[in-house]
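Text of input.cif (mmCIF, C-alpha atoms and all ligand atoms) as supplied:
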data_entry
#
loop_
_atom_site.label_atom_id
_atom_site.label_comp_id
_atom_site.auth_asym_id
_atom_site.auth_seq_id
_atom_site.Cartn_x
_atom_site.Cartn_y
_atom_site.Cartn_z
CA MET A 1185 -10.37 51.15 9.22
CA GLU A 1186 -9.73 54.31 7.19
CA LYS A 1187 -12.88 56.06 5.89
CA ASP A 1188 -11.70 55.74 2.27
CA THR A 1189 -11.22 51.98 2.65
CA VAL A 1190 -14.72 51.58 4.11
CA ILE A 1191 -16.18 53.56 1.19
CA GLN A 1192 -14.22 51.61 -1.43
CA GLU A 1193 -15.37 48.31 0.10
CA ALA A 1194 -18.96 49.58 0.09
CA ILE A 1195 -18.64 50.59 -3.58
CA ASP A 1196 -17.22 47.17 -4.54
CA PHE A 1197 -19.99 45.47 -2.60
CA ASN A 1198 -22.96 47.53 -3.79
CA VAL A 1199 -22.14 48.13 -7.45
CA GLY A 1200 -23.68 45.61 -9.81
CA LYS A 1201 -26.29 44.42 -7.29
CA LYS A 1202 -29.94 45.48 -7.20
CA MET A 1203 -29.37 49.03 -6.07
CA PRO A 1204 -30.63 50.12 -2.66
CA LYS A 1205 -32.53 53.40 -2.73
CA MET A 1206 -32.24 56.75 -1.06
CA ALA A 1207 -34.67 59.67 -1.36
CA ILE A 1208 -33.89 63.38 -1.30
CA CYS A 1209 -36.94 65.50 -0.50
CA TYR A 1210 -36.90 69.23 -1.18
CA ASP A 1211 -39.03 72.12 -0.13
CA PHE A 1212 -39.27 74.43 -3.18
CA ASP A 1213 -39.73 78.14 -2.38
CA ARG A 1214 -36.49 79.62 -0.95
CA THR A 1215 -34.92 76.16 -0.95
CA LEU A 1216 -34.50 75.54 -4.69
CA SER A 1217 -35.85 78.93 -5.81
CA PRO A 1218 -35.03 82.38 -4.36
CA ASP A 1219 -38.65 83.56 -3.90
CA ASP A 1220 -42.23 82.32 -3.68
CA MET A 1221 -43.09 80.75 -7.04
CA GLN A 1222 -46.25 82.86 -7.43
CA THR A 1223 -44.23 86.07 -7.40
CA PHE A 1224 -42.24 85.62 -10.62
CA THR A 1225 -45.06 85.81 -13.17
CA LEU A 1226 -48.45 85.00 -11.68
CA ILE A 1227 -48.99 87.85 -9.21
CA PRO A 1228 -47.47 90.52 -11.54
CA SER A 1229 -49.83 89.31 -14.31
CA PHE A 1230 -52.75 90.61 -12.20
CA GLY A 1231 -51.07 94.02 -12.01
CA VAL A 1232 -50.73 93.78 -8.25
CA ASP A 1233 -47.61 94.24 -6.13
CA LYS A 1234 -46.48 90.98 -4.49
CA ASN A 1235 -46.35 92.55 -1.01
CA VAL A 1236 -49.93 93.81 -1.38
CA PHE A 1237 -51.04 90.35 -2.55
CA TRP A 1238 -49.42 88.51 0.38
CA HIS A 1239 -50.68 91.09 2.89
CA GLU A 1240 -54.25 90.68 1.61
CA SER A 1241 -53.91 86.92 1.63
CA ASP A 1242 -52.49 86.79 5.19
CA THR A 1243 -55.18 89.21 6.41
CA LEU A 1244 -57.88 87.00 4.86
CA ALA A 1245 -56.39 83.99 6.67
CA GLU A 1246 -56.26 85.82 10.02
CA GLU A 1247 -59.73 87.29 9.82
CA ASN A 1248 -61.31 83.97 8.86
CA LEU A 1249 -59.09 81.56 10.82
CA MET A 1250 -58.05 80.10 7.49
CA ASP A 1251 -55.06 78.05 6.49
CA ASN A 1252 -52.62 80.52 4.85
CA ASN A 1253 -52.31 78.37 1.74
CA LEU A 1254 -56.07 78.11 1.28
CA ALA A 1255 -56.12 81.91 1.60
CA TRP A 1256 -53.67 82.55 -1.27
CA MET A 1257 -55.37 79.89 -3.39
CA TYR A 1258 -58.66 81.73 -2.87
CA GLU A 1259 -57.02 85.10 -3.60
CA LEU A 1260 -55.63 83.82 -6.91
CA ILE A 1261 -59.09 82.70 -8.03
CA LYS A 1262 -60.57 86.01 -6.85
CA TYR A 1263 -58.01 88.07 -8.79
CA SER A 1264 -58.35 85.91 -11.89
CA LYS A 1265 -62.12 86.49 -11.95
CA PHE A 1266 -61.69 90.20 -11.23
CA LYS A 1267 -59.14 90.56 -14.05
CA GLY A 1268 -61.04 88.25 -16.41
CA LYS A 1269 -58.07 85.84 -16.70
CA SER A 1270 -58.95 82.19 -16.30
CA LEU A 1271 -56.51 80.13 -14.25
CA ARG A 1272 -55.77 77.09 -16.36
CA ARG A 1273 -53.50 74.14 -15.64
CA GLU A 1274 -51.57 74.84 -18.87
CA TYR A 1275 -51.02 78.46 -17.83
CA PHE A 1276 -49.55 77.42 -14.47
CA LYS A 1277 -47.24 74.94 -16.21
CA GLN A 1278 -46.21 77.59 -18.71
CA ILE A 1279 -45.23 80.08 -16.01
CA GLY A 1280 -43.31 77.33 -14.22
CA ALA A 1281 -40.62 77.78 -16.87
CA ASP A 1282 -40.06 81.37 -15.58
CA VAL A 1283 -39.44 80.34 -11.99
CA GLN A 1284 -35.89 81.24 -11.01
CA LEU A 1285 -33.65 78.61 -9.48
CA TYR A 1286 -30.68 78.90 -7.14
CA PRO A 1287 -27.17 78.40 -8.62
CA GLY A 1288 -26.34 74.82 -9.47
CA VAL A 1289 -29.90 73.47 -9.11
CA GLU A 1290 -30.12 72.52 -12.79
CA THR A 1291 -26.95 70.38 -12.69
CA TRP A 1292 -27.40 69.05 -9.14
CA PHE A 1293 -29.67 66.13 -9.99
CA ASP A 1294 -27.43 64.62 -12.69
CA ASN A 1295 -24.33 65.15 -10.54
CA ILE A 1296 -25.85 63.56 -7.44
CA ASN A 1297 -27.37 60.67 -9.39
CA ALA A 1298 -24.01 59.92 -11.05
CA TYR A 1299 -22.08 60.07 -7.75
CA ALA A 1300 -24.60 57.76 -6.06
CA ARG A 1301 -24.77 55.32 -8.99
CA GLU A 1302 -20.99 54.84 -8.82
CA ARG A 1303 -21.53 53.72 -5.22
CA GLY A 1304 -24.39 51.38 -6.03
CA ILE A 1305 -27.12 53.67 -4.71
CA GLU A 1306 -30.21 54.79 -6.64
CA VAL A 1307 -31.51 58.27 -5.78
CA GLU A 1308 -35.12 59.39 -6.06
CA HIS A 1309 -35.89 63.11 -5.79
CA TYR A 1310 -39.19 64.40 -4.40
CA ILE A 1311 -40.59 67.91 -3.94
CA ILE A 1312 -42.75 68.56 -0.86
CA SER A 1313 -43.96 72.15 -1.16
CA SER A 1314 -46.74 74.44 0.00
CA GLY A 1315 -46.58 76.12 -3.41
CA LEU A 1316 -48.48 75.15 -6.53
CA LYS A 1317 -47.89 71.69 -7.97
CA GLU A 1318 -48.58 72.71 -11.58
CA ILE A 1319 -46.01 75.53 -11.48
CA ILE A 1320 -43.34 73.13 -10.16
CA GLU A 1321 -44.28 70.59 -12.84
CA GLY A 1322 -43.66 73.27 -15.45
CA SER A 1323 -40.24 74.18 -14.02
CA ARG A 1324 -36.96 73.11 -15.59
CA ILE A 1325 -36.22 70.54 -12.88
CA ALA A 1326 -39.49 68.61 -13.33
CA PRO A 1327 -37.88 65.80 -15.41
CA TYR A 1328 -35.65 64.87 -12.47
CA ILE A 1329 -38.43 64.63 -9.90
CA THR A 1330 -40.05 61.29 -9.11
CA ARG A 1331 -43.11 63.01 -7.69
CA VAL A 1332 -44.21 66.52 -6.78
CA TYR A 1333 -46.28 66.85 -3.59
CA ALA A 1334 -47.70 70.37 -3.36
CA SER A 1335 -50.89 72.38 -3.12
CA SER A 1336 -53.04 72.03 -6.24
CA TYR A 1337 -56.41 72.97 -7.68
CA LEU A 1338 -59.39 70.95 -8.79
CA TYR A 1339 -60.19 71.97 -12.38
CA SER A 1340 -63.60 72.30 -13.99
CA ALA A 1341 -64.49 70.28 -17.10
CA ASP A 1342 -63.23 73.15 -19.24
CA GLY A 1343 -59.88 73.20 -17.38
CA ILE A 1344 -60.33 76.22 -15.08
CA ALA A 1345 -59.11 76.15 -11.45
CA GLU A 1346 -62.12 76.35 -9.16
CA TRP A 1347 -61.42 74.60 -5.82
CA PRO A 1348 -58.39 73.38 -3.83
CA ALA A 1349 -57.63 69.69 -4.45
CA GLN A 1350 -54.64 69.53 -2.11
CA VAL A 1351 -53.26 71.92 0.45
CA VAL A 1352 -49.81 71.20 1.86
CA ASN A 1353 -48.51 72.92 4.96
CA TYR A 1354 -46.41 72.29 8.09
CA THR A 1355 -47.41 68.92 9.55
CA THR A 1356 -49.32 67.81 6.43
CA LYS A 1357 -45.91 67.80 4.73
CA THR A 1358 -44.86 64.86 6.91
CA GLN A 1359 -47.53 62.62 5.36
CA PHE A 1360 -45.43 62.54 2.20
CA ILE A 1361 -42.31 61.34 4.02
CA PHE A 1362 -44.35 58.30 5.13
CA ARG A 1363 -45.70 57.84 1.58
CA ILE A 1364 -42.19 57.90 0.11
CA ALA A 1365 -40.84 55.48 2.75
CA LYS A 1366 -43.71 53.01 2.30
CA GLY A 1367 -44.13 53.43 -1.45
CA TYR A 1368 -47.82 54.35 -1.23
CA LEU A 1369 -47.30 57.42 -3.38
CA GLU A 1370 -50.86 58.29 -4.45
CA GLU A 1371 -52.30 61.16 -2.39
CA TYR A 1372 -55.56 59.25 -1.70
CA ASP A 1373 -53.97 55.92 -0.65
CA ALA A 1374 -55.01 55.33 2.99
CA ARG A 1375 -52.52 52.44 3.34
CA VAL A 1376 -49.96 55.14 4.22
CA ASN A 1377 -51.10 54.58 7.82
CA ASP A 1378 -50.45 50.81 7.74
CA SER A 1379 -47.51 49.44 9.63
CA MET A 1380 -44.75 48.14 7.35
CA PRO A 1381 -41.59 46.15 8.24
CA HIS A 1382 -38.37 47.96 7.26
CA ASP A 1383 -37.20 45.27 4.83
CA VAL A 1384 -40.15 45.78 2.48
CA ARG A 1385 -40.17 49.58 2.53
CA ASN A 1386 -39.70 51.57 -0.66
CA VAL A 1387 -36.96 53.61 1.03
CA ASP A 1388 -35.60 53.18 4.56
CA TYR A 1389 -36.18 56.24 6.75
CA GLU A 1390 -32.46 56.39 7.45
CA ASN A 1391 -31.89 56.79 3.69
CA ILE A 1392 -34.10 59.89 3.48
CA VAL A 1393 -32.74 63.44 3.26
CA TYR A 1394 -34.93 66.52 3.70
CA ILE A 1395 -33.81 69.97 2.54
CA GLY A 1396 -35.75 73.08 3.56
CA ASP A 1397 -35.37 76.67 4.67
CA SER A 1398 -37.99 77.68 7.20
CA ALA A 1399 -40.69 77.02 9.79
CA THR A 1400 -42.98 75.16 7.35
CA ASP A 1401 -40.22 72.53 7.09
CA ILE A 1402 -39.78 71.94 10.82
CA PRO A 1403 -42.12 68.91 11.14
CA CYS A 1404 -40.42 67.16 8.19
CA MET A 1405 -36.93 68.05 9.41
CA THR A 1406 -37.71 66.74 12.88
CA LEU A 1407 -39.35 63.54 11.60
CA VAL A 1408 -36.53 62.69 9.18
CA LYS A 1409 -33.82 63.42 11.74
CA GLN A 1410 -35.56 61.43 14.49
CA LYS A 1411 -35.87 58.43 12.18
CA GLY A 1412 -32.15 58.39 11.45
CA GLY A 1413 -32.22 60.33 8.17
CA TYR A 1414 -30.60 63.67 7.36
CA SER A 1415 -32.10 67.18 7.63
CA ILE A 1416 -30.46 70.07 5.88
CA GLY A 1417 -31.26 73.79 6.20
CA VAL A 1418 -30.39 76.25 3.45
CA TYR A 1419 -30.18 80.06 3.36
CA ASP A 1420 -30.09 82.60 0.56
CA PRO A 1421 -26.49 82.94 -0.65
CA VAL A 1422 -27.00 86.58 -1.72
CA SER A 1423 -28.58 88.07 1.42
CA ASN A 1424 -26.46 85.63 3.48
CA ASN A 1425 -29.13 85.84 6.19
CA LYS A 1426 -28.53 82.79 8.38
CA LYS A 1427 -30.95 83.68 11.18
CA LYS A 1428 -33.43 80.89 10.36
CA VAL A 1429 -30.84 78.13 9.93
CA TYR A 1430 -29.05 79.18 13.12
CA GLN A 1431 -32.36 78.90 14.97
CA LEU A 1432 -33.25 75.56 13.32
CA PHE A 1433 -29.80 74.15 14.06
CA SER A 1434 -29.70 75.28 17.69
CA ASP A 1435 -33.22 73.84 18.18
CA GLY A 1436 -31.88 70.46 17.06
CA ARG A 1437 -33.86 70.31 13.78
CA LEU A 1438 -30.87 70.02 11.44
CA ASN A 1439 -27.87 67.82 10.77
CA PHE A 1440 -26.30 70.44 8.52
CA TYR A 1441 -26.84 73.90 7.01
CA ALA A 1442 -25.36 75.62 3.97
CA PRO A 1443 -26.02 78.37 1.41
CA ALA A 1444 -28.57 77.42 -1.28
CA ASN A 1445 -25.89 76.91 -3.91
CA TYR A 1446 -26.01 73.43 -5.42
CA SER A 1447 -23.00 73.56 -7.72
CA GLU A 1448 -20.29 70.89 -7.59
CA GLU A 1449 -17.97 73.07 -5.48
CA SER A 1450 -20.63 73.93 -2.89
CA PRO A 1451 -20.67 72.84 0.78
CA ILE A 1452 -24.07 71.15 0.31
CA PHE A 1453 -22.71 69.07 -2.59
CA ASP A 1454 -19.77 67.97 -0.41
CA TYR A 1455 -22.08 67.11 2.46
CA MET A 1456 -24.41 65.12 0.19
CA LYS A 1457 -21.45 63.12 -1.09
CA ASN A 1458 -20.66 62.22 2.54
CA VAL A 1459 -24.29 61.23 3.11
CA ILE A 1460 -24.23 58.99 0.02
CA ASP A 1461 -20.95 57.39 1.17
CA GLU A 1462 -22.46 56.73 4.58
CA ILE A 1463 -25.64 55.23 3.08
CA ALA A 1464 -23.54 53.02 0.78
CA ALA A 1465 -21.54 51.74 3.79
CA LYS A 1466 -24.73 51.15 5.83
CA GLU A 1467 -26.37 49.29 2.93
CA LYS A 1468 -23.35 47.01 2.70
CA GLN A 1469 -23.64 46.21 6.40
CA LYS A 1470 -27.40 45.60 6.14
CA SER A 1471 -26.88 43.23 3.24
CA GLU A 1472 -24.15 41.30 5.07
CA GLN A 1473 -26.32 41.06 8.19
CA LYS A 1474 -29.15 39.67 6.10
CA LYS A 1475 -26.82 37.02 4.67
CA LEU A 1476 -25.60 36.05 8.15
CA GLY A 1477 -29.21 35.85 9.34
CA THR A 1478 -30.16 33.53 6.47
CA THR A 1479 -27.25 31.20 7.28
CA ALA A 1480 -28.15 31.16 10.97
CA GLU A 1481 -31.79 30.36 10.10
CA LYS A 1482 -30.70 27.45 7.92
CA PHE A 1483 -28.56 26.08 10.73
CA LYS A 1484 -31.52 26.29 13.12
CA LYS A 1485 -33.85 24.57 10.66
CA ARG A 1486 -31.39 21.76 9.99
CA ALA A 1487 -30.74 21.21 13.71
CA THR A 1488 -34.50 21.05 14.38
CA LEU A 1489 -35.08 18.48 11.63
CA GLU A 1490 -32.16 16.36 12.84
CA LYS A 1491 -33.58 16.47 16.36
CA ILE A 1492 -36.97 15.32 15.07
CA LEU A 1493 -35.36 12.45 13.19
CA GLU A 1494 -33.35 11.41 16.21
CA SER A 1495 -36.03 11.65 18.88
CA ALA A 1496 -39.09 10.54 16.92
CA SER A 1497 -37.46 8.06 14.59
CA GLU A 1498 -39.18 5.00 16.01
CA ASN A 1499 -42.60 6.60 15.53
CA LEU A 1500 -41.93 7.43 11.88
CA SER A 1501 -42.40 5.06 8.95
CA GLU A 1502 -39.47 4.38 6.61
CA GLU A 1503 -41.08 6.69 4.07
CA GLU A 1504 -41.51 9.51 6.62
CA ARG A 1505 -37.87 9.17 7.75
CA ALA A 1506 -36.78 9.40 4.09
CA ILE A 1507 -38.83 12.57 3.66
CA VAL A 1508 -37.20 14.21 6.70
CA ARG A 1509 -33.71 13.12 5.55
CA ASN A 1510 -34.47 14.54 2.13
CA MET A 1511 -35.50 17.85 3.71
CA ILE A 1512 -32.22 17.93 5.67
CA ASP A 1513 -30.22 17.18 2.49
CA HIS A 1514 -31.94 20.03 0.70
CA ILE A 1515 -30.72 22.59 3.19
CA ASP A 1516 -27.46 23.64 1.56
CA ASP A 1517 -24.00 23.50 3.12
CA CYS A 1518 -24.53 26.75 5.00
CA GLY A 1519 -26.93 24.94 7.28
CA LYS A 1520 -24.53 22.15 8.27
CA LYS A 1521 -23.70 21.82 11.92
CA ASP A 1522 -20.27 23.19 12.80
MG MG A 1601 -39.51 77.32 1.76
#
What does this structure look like when you write it as structure tokens?
Ligand SMILES: [Mg+2]
Amino acid sequence: MEKDTVIQEAIDFNVGKKMPKMAICYDFDRTLSPDDMQTFTLIPSFGVDKNVFWHESDTLAEENLMDNNLAWMYELIKYSKFKGKSLRREYFKQIGADVQLYPGVETWFDNINAYARERGIEVEHYIISSGLKEIIEGSRIAPYITRVYASSYLYSADGIAEWPAQVVNYTTKTQFIFRIAKGYLEEYDARVNDSMPHDVRNVDYENIVYIGDSATDIPCMTLVKQKGGYSIGVYDPVSNNKKKVYQLFSDGRLNFYAPANYSEESPIFDYMKNVIDEIAAKEKQKSEQKKLGTTAEKFKKRATLEKILESASENLSEEERAIVRNMIDHIDDCGKKD
């Protein structure tokens, strides 16, 4: 069958029903934004060069065998005390508005949601970032995001950042893929480790897309791809440096790579439309298989009850036989023997 026919049939089938879900998960820095989010306003506000800041932070991590993210979180608090500027949640949110975004990011979510809705698919968007949650929540794309998973601070009673509440890096990023799939979204919910059958999941793994740019994304890319989902690598469209995506692709981490341009004419938009079409077709098949399974179950149940009635009839009272007959009659036509 032609691809277009398959897609049209999937659209006709899925639209108007309870919509199956897909999830698109995004790294933030250098995936949706061209630089680390701390570099636009926060680090310059301390009067320090961004390269000096990151060098100090990385050195602190190396010398103390620290997680790199815990190191920059510590450095921010250190600088804020040194400069007499309190780090408040509201301040982080406020500077989120200054974070630059790659071309097309601001229209991407509406465009993708509309394309998917026309095919009977609901899209949820998630951020999984090592950056700062509050800055992302202050950014212009926050209204489109179901949930932001990122590093964050614990705040004192008077609202000043004083301790890390969450730190997100490499393999810890994968925890959130499981949370999204199982629907246990709260960071503290230990049920994320429970086994869950696929038909009750929040989102099937094969309906998950992960978009990232670098080594910190490798565990998520690998996990999503291994579970039948889609991993996408992006590179800066200005520098056009594809070294990382070439490496990720040749190492088998990616299904696709493209420049970080999210406008309607971009390669990543085209690819995502293909992914949505494929998910719509798969959802149609899953739904039809479920229907066939239900019919087959009914047939089995009816045959079993008829066998009971036939073989044990003489041991049953008139009332018991009537009950079994009634049960058989209540299995609808689908369960009738061929
Ligand atoms: Mg990144």
Quiz item: So which residues touch segment 1417-1432 of chain A within 6 Å, counting only C-alpha atoms, skipping near sequence neighbours fewer than 5 positions away, as a PyMOL selection string?
Solution: chain A and resi 1395-1397+1437+1441-1444
Next, dump the selected residues to file, keeping only C-alpha atoms, as a tab-separated table (two decimals), in the frame of the given file.
chain	number	residue	atom	x	y	z
A	1395	ILE	CA	-33.81	69.97	2.54
A	1396	GLY	CA	-35.75	73.08	3.56
A	1397	ASP	CA	-35.37	76.67	4.67
A	1437	ARG	CA	-33.86	70.31	13.78
A	1441	TYR	CA	-26.84	73.90	7.01
A	1442	ALA	CA	-25.36	75.62	3.97
A	1443	PRO	CA	-26.02	78.37	1.41
A	1444	ALA	CA	-28.57	77.42	-1.28
Self-check item: Residue with smallest distance to Asn1295 of chain A - pool A:Ile1515, A:Met1456, A:Ala1281, A:Leu1489, counting all atoms listed in the file
Solution: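 The answer is A:Met1456, which sits nearest to Asn1295 of chain A.
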Quiz prompt | Option closest in space to Asp1383 of chain A, from A:Thr1488, A:Glu1467, A:Gly1413, A:Asp1196 [counting only C-alpha atoms] | solution = A:Glu1467
Taking 6 positions as the minimum chain separation for residues in the same chain, which residues sit within 12 Å of Tyr1368 of chain A when counting all atoms listed in the file? Answer as a tab-separated table (two decimals) with C-alpha atoms, keeping the file's coordinate frame.
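The new file out39.tsv reads:
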chain	number	residue	atom	x	y	z
A	1331	ARG	CA	-43.11	63.01	-7.69
A	1359	GLN	CA	-47.53	62.62	5.36
A	1360	PHE	CA	-45.43	62.54	2.20
A	1361	ILE	CA	-42.31	61.34	4.02
A	1362	PHE	CA	-44.35	58.30	5.13
A	1374	ALA	CA	-55.01	55.33	2.99
A	1375	ARG	CA	-52.52	52.44	3.34
A	1376	VAL	CA	-49.96	55.14	4.22
A	1377	ASN	CA	-51.10	54.58	7.82
A	1378	ASP	CA	-50.45	50.81	7.74
A	1379	SER	CA	-47.51	49.44	9.63
A	1380	MET	CA	-44.75	48.14	7.35
A	1385	ARG	CA	-40.17	49.58	2.53
A	1386	ASN	CA	-39.70	51.57	-0.66
A	1387	VAL	CA	-36.96	53.61	1.03
Practice problem: Please extract the residues at most 6 Å from ligand MG 1601 (chain A), counting only C-alpha atoms and all ligand atoms, and provide them as a PyMOL selection string, using the chain letters and residue numbers of this document. | Solution: chain A and resi 1211-1215+1396-1398
Exercise. Write out as a VMD selection string the residues lying within 8 Å of Lys1468 of chain A, counting all atoms listed in the file and excluding same-chain residues fewer than 2 positions away.
Key: chain A and resid 1194 1197 to 1198 1464 to 1466 1470 to 1472
Quiz prompt | Given all atoms listed in the file as the counted atoms, nearest of A:Tyr1389, A:Phe1230, A:Tyr1275, A:Tyr1310 to Ala1345 of chain A | solution =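 Counting all atoms listed in the file, the residue closest to Ala1345 of chain A is A:Tyr1275.
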Self-check item: Test item: which residues lie within 12 Å of (-37.8, 67.0, -1.7) counting only C-alpha atoms, as a VMD selection string
Solution: chain A and resid 1206 to 1213 1215 to 1216 1293 1307 to 1314 1320 1325 to 1326 1328 to 1334 1357 to 1358 1360 to 1361 1364 1392 to 1397 1401 1404 to 1405 1408 1415 to 1416
Exercise. Could you tell me how far atom CA of Phe1276 of chain A lies from atom CA of Thr1356 of chain A, in Å and to one decimal?
Key: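 According to the coordinates, atom CA of Phe1276 of chain A and atom CA of Thr1356 of chain A are separated by 23.0 Å.
Distance check against Gly1322 of chain A using all atoms listed in the file: of A:Gly1280, A:Pro1287, A:Pro1218, A:Gly1367, the minimum falls on A:Gly1280.
For the pair atom CA of Pro1204 of chain A and atom CA of Lys1475 of chain A, the interatomic distance is 15.5 Å.
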Quiz item: Asp1251 of chain A: which residues within 12 Å, counting all atoms listed in the file, same-chain residues fewer than 2 positions away excluded, as a PyMOL selection string?
Solution: chain A and resi 1241-1249+1253-1258+1314+1335+1348+1351-1354+1356
Quiz item: atom CA of Trp1292 of chain A to atom CA of Val1384 of chain A: how many Å, to one decimal?
Solution: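 Distance reported for this atom pair: 29.0 Å.
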Quiz item: Pick from A:Ala1349, A:Ile1319, A:Ile1261, A:Ala1506: nearest to Asp1282 of chain A, with all atoms listed in the file counted?
Solution: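 The answer is A:Ile1319, which sits nearest to Asp1282 of chain A.
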Could you rebuild segment 1254-1268 of chain A with N, CA and C atoms and give it back as a PDB file, in the coordinates of the input?
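Wrote out_9.pdb, looks like this:
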ATOM      1  N   LEU A1254     -54.713  78.018   1.842  1.00  0.00           N
ATOM      2  CA  LEU A1254     -56.070  78.110   1.280  1.00  0.00           C
ATOM      3  C   LEU A1254     -56.407  79.572   0.977  1.00  0.00           C
ATOM      4  N   ALA A1255     -55.847  80.474   1.801  1.00  0.00           N
ATOM      5  CA  ALA A1255     -56.120  81.910   1.600  1.00  0.00           C
ATOM      6  C   ALA A1255     -55.522  82.389   0.278  1.00  0.00           C
ATOM      7  N   TRP A1256     -54.237  82.055   0.000  1.00  0.00           N
ATOM      8  CA  TRP A1256     -53.670  82.550  -1.270  1.00  0.00           C
ATOM      9  C   TRP A1256     -54.292  81.845  -2.472  1.00  0.00           C
ATOM     10  N   MET A1257     -54.718  80.592  -2.274  1.00  0.00           N
ATOM     11  CA  MET A1257     -55.370  79.890  -3.390  1.00  0.00           C
ATOM     12  C   MET A1257     -56.704  80.577  -3.734  1.00  0.00           C
ATOM     13  N   TYR A1258     -57.397  81.013  -2.674  1.00  0.00           N
ATOM     14  CA  TYR A1258     -58.660  81.730  -2.870  1.00  0.00           C
ATOM     15  C   TYR A1258     -58.405  83.090  -3.537  1.00  0.00           C
ATOM     16  N   GLU A1259     -57.356  83.783  -3.046  1.00  0.00           N
ATOM     17  CA  GLU A1259     -57.020  85.100  -3.600  1.00  0.00           C
ATOM     18  C   GLU A1259     -56.685  85.029  -5.093  1.00  0.00           C
ATOM     19  N   LEU A1260     -55.976  83.969  -5.491  1.00  0.00           N
ATOM     20  CA  LEU A1260     -55.630  83.820  -6.910  1.00  0.00           C
ATOM     21  C   LEU A1260     -56.884  83.684  -7.761  1.00  0.00           C
ATOM     22  N   ILE A1261     -57.837  82.872  -7.272  1.00  0.00           N
ATOM     23  CA  ILE A1261     -59.090  82.700  -8.030  1.00  0.00           C
ATOM     24  C   ILE A1261     -59.865  84.030  -8.068  1.00  0.00           C
ATOM     25  N   LYS A1262     -59.855  84.729  -6.919  1.00  0.00           N
ATOM     26  CA  LYS A1262     -60.570  86.010  -6.850  1.00  0.00           C
ATOM     27  C   LYS A1262     -59.987  87.013  -7.858  1.00  0.00           C
ATOM     28  N   TYR A1263     -58.660  87.132  -7.858  1.00  0.00           N
ATOM     29  CA  TYR A1263     -58.010  88.070  -8.790  1.00  0.00           C
ATOM     30  C   TYR A1263     -58.238  87.656 -10.244  1.00  0.00           C
ATOM     31  N   SER A1264     -58.202  86.361 -10.498  1.00  0.00           N
ATOM     32  CA  SER A1264     -58.350  85.910 -11.890  1.00  0.00           C
ATOM     33  C   SER A1264     -59.751  86.264 -12.406  1.00  0.00           C
ATOM     34  N   LYS A1265     -60.756  86.136 -11.529  1.00  0.00           N
ATOM     35  CA  LYS A1265     -62.120  86.490 -11.950  1.00  0.00           C
ATOM     36  C   LYS A1265     -62.229  88.003 -12.154  1.00  0.00           C
ATOM     37  N   PHE A1266     -61.633  88.742 -11.197  1.00  0.00           N
ATOM     38  CA  PHE A1266     -61.690  90.200 -11.230  1.00  0.00           C
ATOM     39  C   PHE A1266     -61.014  90.744 -12.500  1.00  0.00           C
ATOM     40  N   LYS A1267     -59.904  90.109 -12.875  1.00  0.00           N
ATOM     41  CA  LYS A1267     -59.140  90.560 -14.050  1.00  0.00           C
ATOM     42  C   LYS A1267     -59.590  89.883 -15.343  1.00  0.00           C
ATOM     43  N   GLY A1268     -60.538  88.952 -15.221  1.00  0.00           N
ATOM     44  CA  GLY A1268     -61.040  88.250 -16.410  1.00  0.00           C
ATOM     45  C   GLY A1268     -60.007  87.327 -17.037  1.00  0.00           C
TER      46      GLY A1268
END
